$ cat input.tsv   # TSV, C-alpha atoms
chain	number	residue	atom	x	y	z
R	3	MET	CA	29.80	63.65	-22.55
R	4	LEU	CA	26.40	62.03	-23.15
R	5	ILE	CA	26.65	58.91	-25.27
R	6	TYR	CA	23.46	57.80	-26.91
R	7	ASN	CA	22.96	54.23	-28.10
R	8	PRO	CA	20.29	54.23	-30.85
R	9	VAL	CA	19.76	50.47	-30.61
R	10	ALA	CA	19.53	50.25	-26.81
R	11	GLY	CA	16.18	49.56	-25.27
R	12	ARG	CA	12.73	49.61	-26.80
R	13	TYR	CA	12.17	53.26	-27.65
R	14	PRO	CA	13.69	55.74	-30.14
R	15	SER	CA	15.22	58.24	-27.74
R	16	ARG	CA	17.40	60.63	-29.73
R	17	LEU	CA	15.00	63.56	-29.28
R	18	LEU	CA	14.49	62.64	-25.63
R	19	THR	CA	18.27	62.60	-25.15
R	20	GLU	CA	18.54	66.12	-26.57
R	21	ARG	CA	15.77	67.32	-24.22
R	22	ALA	CA	17.58	65.78	-21.25
R	23	ALA	CA	20.85	67.38	-22.35
R	24	HIS	CA	19.10	70.74	-22.53
R	25	ILE	CA	18.06	70.40	-18.87
R	26	LEU	CA	21.65	69.69	-17.87
R	27	GLN	CA	22.87	72.66	-19.90
R	28	LYS	CA	20.33	74.98	-18.28
R	29	ASN	CA	21.75	73.93	-14.93
R	30	GLY	CA	25.35	74.76	-15.75
R	31	TRP	CA	26.68	71.64	-17.44
R	32	ARG	CA	28.63	71.80	-20.69
R	33	VAL	CA	27.35	68.82	-22.66
R	34	TRP	CA	28.57	66.95	-25.72
R	35	ILE	CA	26.29	64.34	-27.30
R	36	GLU	CA	27.89	61.44	-29.15
R	37	THR	CA	25.98	58.70	-31.00
R	38	THR	CA	27.36	55.19	-30.57
R	39	HIS	CA	27.15	52.39	-33.09
R	40	SER	CA	28.76	49.44	-31.29
R	41	GLY	CA	30.05	48.22	-27.97
R	42	GLU	CA	33.61	48.94	-29.04
R	43	HIS	CA	32.61	52.50	-29.99
R	44	ILE	CA	31.19	53.00	-26.49
R	45	ALA	CA	34.52	51.84	-25.08
R	46	GLN	CA	36.36	54.21	-27.41
R	47	LEU	CA	34.21	57.18	-26.38
R	48	ALA	CA	34.78	56.32	-22.72
R	49	ARG	CA	38.54	56.39	-23.32
R	50	GLN	CA	38.14	59.75	-25.06
R	51	ALA	CA	36.19	61.17	-22.11
R	52	VAL	CA	39.04	60.14	-19.79
R	53	GLU	CA	41.71	61.56	-22.10
R	54	ASP	CA	39.79	64.86	-22.29
R	55	ASP	CA	39.57	64.90	-18.47
R	56	MET	CA	35.78	65.22	-18.49
R	57	ASP	CA	33.91	65.29	-15.19
R	58	ALA	CA	31.45	62.64	-16.30
R	59	LEU	CA	30.49	60.20	-19.00
R	60	VAL	CA	26.71	59.72	-19.00
R	61	VAL	CA	25.38	56.66	-20.82
R	62	VAL	CA	21.91	57.06	-22.32
R	63	GLY	CA	21.11	53.38	-22.54
R	64	GLY	CA	20.97	50.22	-20.47
R	65	ASP	CA	23.12	47.92	-18.38
R	66	GLY	CA	24.94	46.46	-21.40
R	67	SER	CA	26.04	49.90	-22.58
R	68	LEU	CA	27.28	50.77	-19.09
R	69	ASN	CA	29.31	47.58	-19.07
R	70	ARG	CA	31.07	48.53	-22.30
R	71	ALA	CA	32.09	51.91	-20.89
R	72	LEU	CA	33.35	50.43	-17.65
R	73	PRO	CA	36.95	49.36	-18.41
R	74	ALA	CA	38.15	52.81	-19.48
R	75	LEU	CA	36.89	54.47	-16.29
R	76	LEU	CA	38.47	52.22	-13.66
R	77	GLY	CA	40.76	54.23	-11.41
R	78	LYS	CA	40.05	57.45	-13.33
R	79	ARG	CA	38.59	60.81	-12.29
R	80	THR	CA	35.77	60.73	-14.87
R	81	ALA	CA	32.55	59.54	-13.23
R	82	LEU	CA	30.01	57.20	-14.83
R	83	GLY	CA	26.36	58.26	-14.97
R	84	VAL	CA	23.23	56.89	-16.57
R	85	LEU	CA	20.04	58.17	-18.15
R	86	PRO	CA	18.03	54.94	-18.40
R	87	ALA	CA	16.90	54.14	-21.93
R	88	GLY	CA	17.75	50.44	-22.11
R	89	THR	CA	15.63	47.32	-21.85
R	90	ALA	CA	15.76	46.54	-18.13
R	91	ASN	CA	17.86	49.39	-16.65
R	92	VAL	CA	18.60	47.52	-13.43
R	93	TRP	CA	21.51	49.80	-12.47
R	94	ALA	CA	19.22	52.81	-12.88
R	95	GLN	CA	16.51	51.06	-10.86
R	96	GLU	CA	19.04	50.53	-8.09
R	97	LEU	CA	19.64	54.29	-8.11
R	98	SER	CA	15.84	54.89	-8.10
R	99	LEU	CA	15.78	56.47	-11.55
R	100	PRO	CA	12.58	56.06	-13.62
R	101	GLY	CA	12.73	53.87	-16.71
R	102	LEU	CA	11.65	55.06	-20.14
R	103	THR	CA	8.26	53.64	-21.17
R	104	TRP	CA	5.47	54.58	-23.56
R	105	THR	CA	3.49	55.84	-20.58
R	106	ARG	CA	6.47	57.71	-19.14
R	107	LEU	CA	8.17	59.40	-22.06
R	108	MET	CA	9.44	62.21	-19.81
R	109	ALA	CA	11.55	59.75	-17.81
R	110	LEU	CA	14.87	60.91	-19.26
R	111	GLU	CA	14.05	64.50	-18.40
R	112	GLU	CA	13.02	63.45	-14.88
R	113	SER	CA	16.33	61.65	-14.52
R	114	ALA	CA	18.27	64.64	-15.87
R	115	HIS	CA	16.69	66.89	-13.23
R	116	ARG	CA	17.99	64.53	-10.54
R	117	LEU	CA	21.34	63.96	-12.20
R	118	PHE	CA	22.50	67.57	-12.27
R	119	GLN	CA	22.44	67.51	-8.45
R	120	ALA	CA	24.29	64.18	-8.30
R	121	GLN	CA	26.89	63.26	-5.74
R	122	ILE	CA	30.09	61.49	-6.73
R	123	ARG	CA	30.83	58.22	-4.96
R	124	ALA	CA	33.49	55.55	-5.43
R	125	VAL	CA	32.10	52.02	-5.78
R	126	ASP	CA	33.50	48.53	-6.16
R	127	VAL	CA	33.83	46.66	-9.43
R	128	GLY	CA	34.19	42.93	-9.97
R	129	LEU	CA	36.83	41.36	-12.19
R	130	CYS	CA	35.88	38.00	-13.73
R	131	ASN	CA	38.85	36.35	-15.44
R	132	GLY	CA	40.17	39.83	-16.10
R	133	ILE	CA	36.88	41.29	-17.42
R	134	PRO	CA	35.20	43.98	-15.28
R	135	PHE	CA	31.53	43.99	-14.30
R	136	LEU	CA	29.45	46.40	-12.25
R	137	LEU	CA	26.26	44.49	-11.38
R	138	TRP	CA	26.65	40.70	-11.55
R	139	ALA	CA	28.65	37.77	-12.76
R	140	GLY	CA	26.44	34.73	-13.25
R	141	VAL	CA	27.03	31.11	-14.19
R	142	GLY	CA	24.32	28.54	-14.68
R	143	LEU	CA	20.78	28.90	-15.94
R	144	ASP	CA	20.73	32.71	-16.26
R	145	ALA	CA	23.94	32.73	-18.31
R	146	PHE	CA	22.66	29.76	-20.33
R	147	ILE	CA	19.59	31.80	-21.28
R	148	VAL	CA	21.56	35.00	-21.98
R	149	HIS	CA	23.79	33.15	-24.41
R	150	ARG	CA	20.70	32.08	-26.34
R	151	ILE	CA	18.72	35.32	-26.50
R	152	GLU	CA	21.45	37.95	-26.98
R	153	PRO	CA	21.74	39.96	-29.08
R	154	ARG	CA	18.00	40.57	-29.34
R	155	LYS	CA	16.18	42.23	-32.21
R	156	PRO	CA	14.37	45.54	-31.53
R	157	TRP	CA	10.91	43.94	-31.71
R	158	GLU	CA	11.98	41.36	-29.12
R	159	LYS	CA	12.94	44.12	-26.68
R	160	ASN	CA	9.34	45.36	-26.73
R	161	LEU	CA	8.45	42.03	-25.11
R	162	ALA	CA	11.55	41.98	-22.91
R	163	LEU	CA	10.24	40.39	-19.73
R	164	ALA	CA	7.75	38.11	-21.46
R	165	HIS	CA	10.42	37.02	-23.94
R	166	TYR	CA	12.96	36.35	-21.19
R	167	ALA	CA	10.40	34.45	-19.11
R	168	ALA	CA	9.37	32.28	-22.06
R	169	LYS	CA	12.99	31.49	-22.85
R	170	ALA	CA	13.70	30.74	-19.20
R	171	VAL	CA	10.87	28.24	-18.99
R	172	TRP	CA	11.93	26.54	-22.21
R	173	GLN	CA	15.62	26.36	-21.32
R	174	ALA	CA	14.80	25.16	-17.80
R	175	THR	CA	13.31	22.01	-19.26
R	176	ILE	CA	16.72	20.99	-20.59
R	177	TRP	CA	18.89	22.43	-17.82
R	178	HIS	CA	20.21	19.92	-15.30
R	179	GLY	CA	22.40	22.15	-13.20
R	180	MET	CA	26.16	22.19	-12.93
R	181	ASN	CA	28.72	20.74	-10.58
R	182	LEU	CA	30.75	23.47	-8.94
R	183	HIS	CA	33.79	23.56	-6.70
R	184	VAL	CA	33.94	26.87	-4.85
R	185	ARG	CA	37.10	28.12	-3.18
R	186	THR	CA	37.71	31.31	-1.20
R	187	ASP	CA	40.59	32.30	1.06
R	188	SER	CA	38.74	30.82	4.05
R	189	GLU	CA	36.53	27.97	2.81
R	190	GLN	CA	35.86	25.36	0.14
R	191	LEU	CA	32.67	23.60	-0.88
R	192	SER	CA	31.29	21.53	-3.74
R	193	GLY	CA	27.82	20.71	-4.99
R	194	GLN	CA	25.28	20.57	-7.79
R	195	PHE	CA	23.72	23.96	-8.47
R	196	THR	CA	21.17	25.32	-10.89
R	197	LEU	CA	22.40	28.90	-10.50
R	198	ALA	CA	25.38	30.77	-9.08
R	199	VAL	CA	25.39	34.57	-9.11
R	200	VAL	CA	27.91	37.07	-7.80
R	201	SER	CA	26.13	40.33	-7.00
R	202	ASN	CA	27.47	43.81	-6.35
R	203	ILE	CA	23.97	45.29	-6.03
R	204	ARG	CA	20.65	44.30	-4.48
R	205	LEU	CA	18.40	43.83	-7.51
R	206	TYR	CA	18.43	41.02	-10.07
R	207	ALA	CA	16.38	39.53	-12.93
R	208	GLY	CA	15.33	42.76	-14.60
R	209	GLY	CA	14.87	44.36	-11.21
R	210	LEU	CA	11.99	42.03	-10.32
R	211	ALA	CA	13.91	40.17	-7.61
R	212	ARG	CA	15.90	41.44	-4.63
R	213	LEU	CA	18.73	38.93	-4.75
R	214	SER	CA	21.16	40.44	-2.25
R	215	PRO	CA	19.03	42.63	0.04
R	216	TYR	CA	21.86	43.91	2.23
R	217	ALA	CA	24.53	44.49	-0.43
R	218	LEU	CA	26.63	47.64	-0.27
R	219	MET	CA	28.31	49.00	-3.38
R	220	ASP	CA	31.43	50.30	-1.66
R	221	ASP	CA	32.35	47.87	1.13
R	222	GLY	CA	35.01	45.89	-0.77
R	223	ILE	CA	32.91	42.72	-0.61
R	224	MET	CA	30.58	40.95	-3.03
R	225	ASP	CA	28.13	38.11	-2.43
R	226	LEU	CA	28.08	34.74	-4.19
R	227	TRP	CA	24.60	33.20	-4.14
R	228	LEU	CA	24.43	29.44	-4.75
R	229	PHE	CA	21.09	27.81	-5.57
R	230	GLU	CA	21.21	24.02	-5.18
R	231	GLY	CA	19.48	21.80	-7.74
R	232	SER	CA	19.75	19.51	-10.74
R	233	SER	CA	16.21	19.13	-12.11
R	234	LEU	CA	13.35	21.14	-13.58
R	235	GLU	CA	11.49	20.82	-10.29
R	236	ASP	CA	14.49	22.24	-8.43
R	237	THR	CA	14.74	25.12	-10.88
R	238	VAL	CA	11.07	26.04	-10.51
R	239	LYS	CA	11.24	25.92	-6.71
R	240	GLN	CA	14.40	28.02	-6.60
R	241	ALA	CA	12.93	30.56	-9.03
R	242	TRP	CA	9.90	30.92	-6.76
R	243	ASN	CA	12.16	31.28	-3.72
R	244	LEU	CA	14.10	34.03	-5.48
R	245	TRP	CA	11.09	36.00	-6.72
R	246	SER	CA	9.35	35.77	-3.33
R	247	GLY	CA	12.47	36.64	-1.35
R	248	ARG	CA	12.42	33.31	0.51
R	249	HIS	CA	15.85	32.36	-0.84
R	250	VAL	CA	17.46	34.42	1.94
R	251	HIS	CA	16.29	31.86	4.53
R	252	SER	CA	16.28	28.71	2.37
R	253	GLU	CA	18.41	25.76	3.46
R	254	ARG	CA	19.14	25.05	-0.22
R	255	VAL	CA	20.56	28.51	-0.91
R	256	GLN	CA	23.93	29.70	0.31
R	257	CYS	CA	25.38	33.20	0.41
R	258	ILE	CA	29.18	33.55	0.55
R	259	PRO	CA	30.65	37.05	1.00
R	260	PHE	CA	34.12	37.29	-0.54
R	261	LYS	CA	36.94	39.44	-1.86
R	262	ARG	CA	38.35	36.75	-4.15
R	263	ILE	CA	36.73	33.50	-5.23
R	264	THR	CA	37.31	30.68	-7.69
R	265	LEU	CA	34.58	28.59	-9.32
R	266	GLU	CA	35.58	25.36	-11.04
R	267	SER	CA	33.56	22.76	-12.91
R	268	ASP	CA	34.19	19.53	-14.79
R	269	SER	CA	32.41	21.04	-17.81
R	270	PRO	CA	32.56	24.48	-19.52
R	271	LEU	CA	30.64	27.18	-17.69
R	272	PHE	CA	28.24	29.61	-19.33
R	273	VAL	CA	28.97	33.14	-18.05
R	274	GLN	CA	27.05	36.41	-18.07
R	275	LEU	CA	28.48	39.74	-16.92
R	276	ASP	CA	25.96	42.53	-16.36
R	277	GLY	CA	23.49	40.58	-18.47
R	278	GLU	CA	25.90	40.25	-21.42
R	279	PRO	CA	27.21	36.87	-22.61
R	280	GLU	CA	30.90	36.18	-22.05
R	281	ARG	CA	33.07	33.21	-22.83
R	282	GLY	CA	33.68	30.82	-19.98
R	283	ASN	CA	35.73	27.74	-19.35
R	284	GLY	CA	35.99	25.24	-16.54
R	285	SER	CA	37.54	27.72	-14.10
R	286	ILE	CA	36.50	31.28	-13.21
R	287	THR	CA	38.26	33.59	-10.78
R	288	ILE	CA	36.47	36.69	-9.50
R	289	GLU	CA	38.02	39.39	-7.39
R	290	VAL	CA	36.65	42.63	-5.95
R	291	LEU	CA	38.37	45.87	-6.93
R	292	THR	CA	37.57	48.26	-4.08
R	293	GLY	CA	36.45	51.81	-4.86
R	294	VAL	CA	37.91	51.91	-8.38
R	295	LEU	CA	34.91	53.46	-10.16
R	296	ARG	CA	33.47	56.90	-9.62
R	297	ILE	CA	29.74	57.10	-10.27
R	298	LEU	CA	27.14	59.84	-10.37
R	299	VAL	CA	24.57	59.14	-7.65
R	300	PRO	CA	21.36	61.04	-8.46
R	301	ASP	CA	19.48	63.05	-5.88
R	302	GLY	CA	17.02	60.73	-4.13
R	303	THR	CA	19.13	57.56	-4.26
R	304	PRO	CA	18.92	55.69	-0.92
R	305	SER	CA	22.04	56.33	1.16
R	306	THR	CA	21.69	52.80	2.57
R	307	LEU	CA	23.29	51.46	-0.62
R	308	PHE	CA	26.64	52.87	0.51
R	309	GLN	CA	28.97	52.57	3.47
R	310	LYS	CA	31.30	55.49	2.81
R	311	PRO	CA	30.51	59.20	2.39
R	312	ALA	CA	30.23	60.89	-0.98
R	313	PHE	CA	33.09	62.97	-2.37
R	314	THR	CA	31.19	66.06	-3.48
R	315	MET	CA	28.52	67.31	-5.83
R	316	ILE	CA	29.28	67.11	-9.55
R	317	GLY	CA	31.16	70.17	-10.78
R	318	LYS	CA	32.00	71.42	-7.27
$ encode --input "input.tsv" --output "structure tokens"
Amino acid sequence: MLIYNPVAGRYPSRLLTERAAHILQKNGWRVWIETTHSGEHIAQLARQAVEDDMDALVVVGGDGSLNRALPALLGKRTALGVLPAGTANVWAQELSLPGLTWTRLMALEESAHRLFQAQIRAVDVGLCNGIPFLLWAGVGLDAFIVHRIEPRKPWEKNLALAHYAAKAVWQATIWHGMNLHVRTDSEQLSGQFTLAVVSNIRLYAGGLARLSPYALMDDGIMDLWLFEGSSLEDTVKQAWNLWSGRHVHSERVQCIPFKRITLESDSPLFVQLDGEPERGNGSITIEVLTGVLRILVPDGTPSTLFQKPAFTMIGK
């Protein structure tokens, strides 16, 4: 099943979706195309794909649409795939799939050519206060911004990175960090942080930054990155560290690998999951669910993203 989100991303892609589906059909796939009209409808279609015992549910959209399909697929045989047509498409970038742009209108067809030869792998998923996420769970400045810019209007998505950057600069002027108490099974720490991000993948911030350069998607572990700070100057310095990759060696940045972690604060926490705003409170518990999601890994995806071998090729 290909599910097409007409409001995802910056480009009208219905015709491009049909062309991509035709490529899959020519290579032996039986394909159904369903148009979605809301996040709940995406979730409903994902449940239907599982009930119909389909090999794969392929989301033609972005990271937010993938997140909505996620809950129905946990622990199921149906694999999750993507044809990137969203705004940032960070999950697709991680898999080395080309994004859809005005100068690359054949991107969905390029991705379809690589998808029909996909391997199936089992990857980890995070659970934040009972809500699953595939890419990240963030508290702090990034979540603060997400809560203020989502949902975006179509014209705003055409200026996605510029719009996000402008909002980030503006919100940074009023952001003074957050006090956090962090507790894992083996350690505890407290401090004032401008940003805290749990990452299951390597890329971050629209794919422009390599937050967790050694992350594996199937090792049963996720990384919590803590960026110290409480002022605009701290935020600017930490942003530069992140974009330049210097955060990995910074004394003011900590990385904590974990399987289960609790974040507590004296004030309510803003939360983003896979770039989507979620309600938070003063306490957040995140645990790693090991190997609970099957995904389609396109031909050409770096094998260094994984620790375990693939199951098989799709349809084999």
$ residues_near_point --input "input.tsv" --point "(28.6, 65.4, -19.1)" --cutoff "8 Å" --atoms "all atoms listed in the file" --output "list in words"
Met3, Leu4, Trp31, Arg32, Val33, Trp34, Met56, Asp57, Ala58, Leu59 and Val60 of chain R
$ atom_distance --input "input.tsv" --atom1 "atom CA of R:Pro270" --atom2 "atom CA of R:Glu289"
20.0 Å
$ closest_atom_pairs --input "input.tsv" --of "stretch 210-290 of chain R" --to "stretch 191-195 of chain R" --cutoff "10 Å" --atoms "only C-alpha atoms" --output "JSON lines"
{"residue": "R:Leu228", "atom": "CA", "partner": "R:Phe195", "partner_atom": "CA", "distance": 6.7}
{"residue": "R:Phe229", "atom": "CA", "partner": "R:Phe195", "partner_atom": "CA", "distance": 5.5}
{"residue": "R:Glu230", "atom": "CA", "partner": "R:Phe195", "partner_atom": "CA", "distance": 4.1}
{"residue": "R:Gly231", "atom": "CA", "partner": "R:Phe195", "partner_atom": "CA", "distance": 4.8}
{"residue": "R:Ser232", "atom": "CA", "partner": "R:Gln194", "partner_atom": "CA", "distance": 6.4}
{"residue": "R:Ser233", "atom": "CA", "partner": "R:Phe195", "partner_atom": "CA", "distance": 9.6}
{"residue": "R:Asp236", "atom": "CA", "partner": "R:Phe195", "partner_atom": "CA", "distance": 9.4}
{"residue": "R:Thr237", "atom": "CA", "partner": "R:Phe195", "partner_atom": "CA", "distance": 9.4}
{"residue": "R:Arg254", "atom": "CA", "partner": "R:Phe195", "partner_atom": "CA", "distance": 9.5}
{"residue": "R:Val255", "atom": "CA", "partner": "R:Phe195", "partner_atom": "CA", "distance": 9.4}
{"residue": "R:Leu265", "atom": "CA", "partner": "R:Ser192", "partner_atom": "CA", "distance": 9.6}
{"residue": "R:Glu266", "atom": "CA", "partner": "R:Ser192", "partner_atom": "CA", "distance": 9.3}
{"residue": "R:Ser267", "atom": "CA", "partner": "R:Ser192", "partner_atom": "CA", "distance": 9.5}
$ atom_distance --input "input.tsv" --atom1 "atom CA of R:Leu137" --atom2 "atom CA of R:Cys257"
16.3 Å
$ atom_distance --input "input.tsv" --atom1 "atom CA of R:Leu102" --atom2 "atom CA of R:Ala87"
5.6 Å
$ residues_around --input "input.tsv" --residues "R:Thr306" --least-positions-apart "4" --cutoff "12 Å" --atoms "all atoms listed in the file" --output "VMD selection string"
chain R and resid 96 to 97 203 to 204 215 to 221 302 310 to 311
$ residues_around --input "input.tsv" --residues "R:Gly208" --least-positions-apart "6" --cutoff "9 Å" --atoms "only C-alpha atoms" --output "list of chain:residue names"
R:Thr89, R:Ala90, R:Asn91, R:Val92, R:Leu163
$ residues_around --input "input.tsv" --residues "R:Ala312" --least-positions-apart "5" --cutoff "8 Å" --atoms "only C-alpha atoms" --output "mmCIF file with C-alpha atoms, keeping the file's coordinate frame"
data_model
loop_
_atom_site.group_PDB
_atom_site.id
_atom_site.type_symbol
_atom_site.label_atom_id
_atom_site.label_comp_id
_atom_site.auth_asym_id
_atom_site.auth_seq_id
_atom_site.Cartn_x
_atom_site.Cartn_y
_atom_site.Cartn_z
ATOM 1 C CA GLN R 121 26.890 63.260 -5.740
ATOM 2 C CA ILE R 122 30.090 61.490 -6.730
ATOM 3 C CA ARG R 123 30.830 58.220 -4.960
ATOM 4 C CA ALA R 124 33.490 55.550 -5.430
#
$ residues_around --input "input.tsv" --residues "R:His39" --least-positions-apart "6" --cutoff "12 Å" --atoms "all atoms listed in the file" --output "list in words"
Ile5, Tyr6, Asn7, Pro8, Val9, Ala10, Ala45, Gln46, Leu47 and Ser67 of chain R
$ closest_residue --input "input.tsv" --among "R:Ile286, R:Cys130, R:Leu213, R:Val62" --to "R:Ala94" --atoms "all atoms listed in the file"
R:Val62
$ closest_residue --input "input.tsv" --among "R:Ile263, R:Tyr206, R:Ser214, R:Val273" --to "R:Val250" --atoms "all atoms listed in the file"
R:Ser214
$ closest_residue --input "input.tsv" --among "R:Met180, R:Val238, R:Leu129, R:Leu107" --to "R:Leu72" --atoms "all atoms listed in the file"
R:Leu129
$ closest_residue --input "input.tsv" --among "R:Gln256, R:Asn29, R:Ser40, R:Thr186" --to "R:Ala198" --atoms "only C-alpha atoms"
R:Gln256
$ residues_near_point --input "input.tsv" --point "(18.2, 63.6, -17.7)" --cutoff "10 Å" --atoms "only C-alpha atoms" --output "ChimeraX atom specification"
/R:4,18-26,60,62,84-86,99,108-118
$ closest_residue --input "input.tsv" --among "R:Arg49, R:Lys261, R:Lys78, R:Arg70" --to "R:Gly222" --atoms "only C-alpha atoms"
R:Lys261
$ residues_around --input "input.tsv" --residues "stretch 274-285 of chain R" --least-positions-apart "4" --cutoff "7 Å" --atoms "all atoms listed in the file" --output "mmCIF file with C-alpha atoms, keeping the file's coordinate frame"
data_model
loop_
_atom_site.group_PDB
_atom_site.id
_atom_site.type_symbol
_atom_site.label_atom_id
_atom_site.label_comp_id
_atom_site.auth_asym_id
_atom_site.auth_seq_id
_atom_site.Cartn_x
_atom_site.Cartn_y
_atom_site.Cartn_z
ATOM 1 C CA ASP R 65 23.120 47.920 -18.380
ATOM 2 C CA GLY R 66 24.940 46.460 -21.400
ATOM 3 C CA ASN R 69 29.310 47.580 -19.070
ATOM 4 C CA PHE R 135 31.530 43.990 -14.300
ATOM 5 C CA LEU R 136 29.450 46.400 -12.250
ATOM 6 C CA LEU R 137 26.260 44.490 -11.380
ATOM 7 C CA TRP R 138 26.650 40.700 -11.550
ATOM 8 C CA ALA R 139 28.650 37.770 -12.760
ATOM 9 C CA GLY R 140 26.440 34.730 -13.250
ATOM 10 C CA VAL R 141 27.030 31.110 -14.190
ATOM 11 C CA ALA R 145 23.940 32.730 -18.310
ATOM 12 C CA VAL R 148 21.560 35.000 -21.980
ATOM 13 C CA HIS R 149 23.790 33.150 -24.410
ATOM 14 C CA LEU R 265 34.580 28.590 -9.320
ATOM 15 C CA GLU R 266 35.580 25.360 -11.040
ATOM 16 C CA SER R 267 33.560 22.760 -12.910
ATOM 17 C CA ASP R 268 34.190 19.530 -14.790
ATOM 18 C CA SER R 269 32.410 21.040 -17.810
ATOM 19 C CA PRO R 270 32.560 24.480 -19.520
#
$ closest_residue --input "input.tsv" --among "R:Gln119, R:Gln309, R:Glu235, R:Thr287" --to "R:Gly30" --atoms "all atoms listed in the file"
R:Gln119
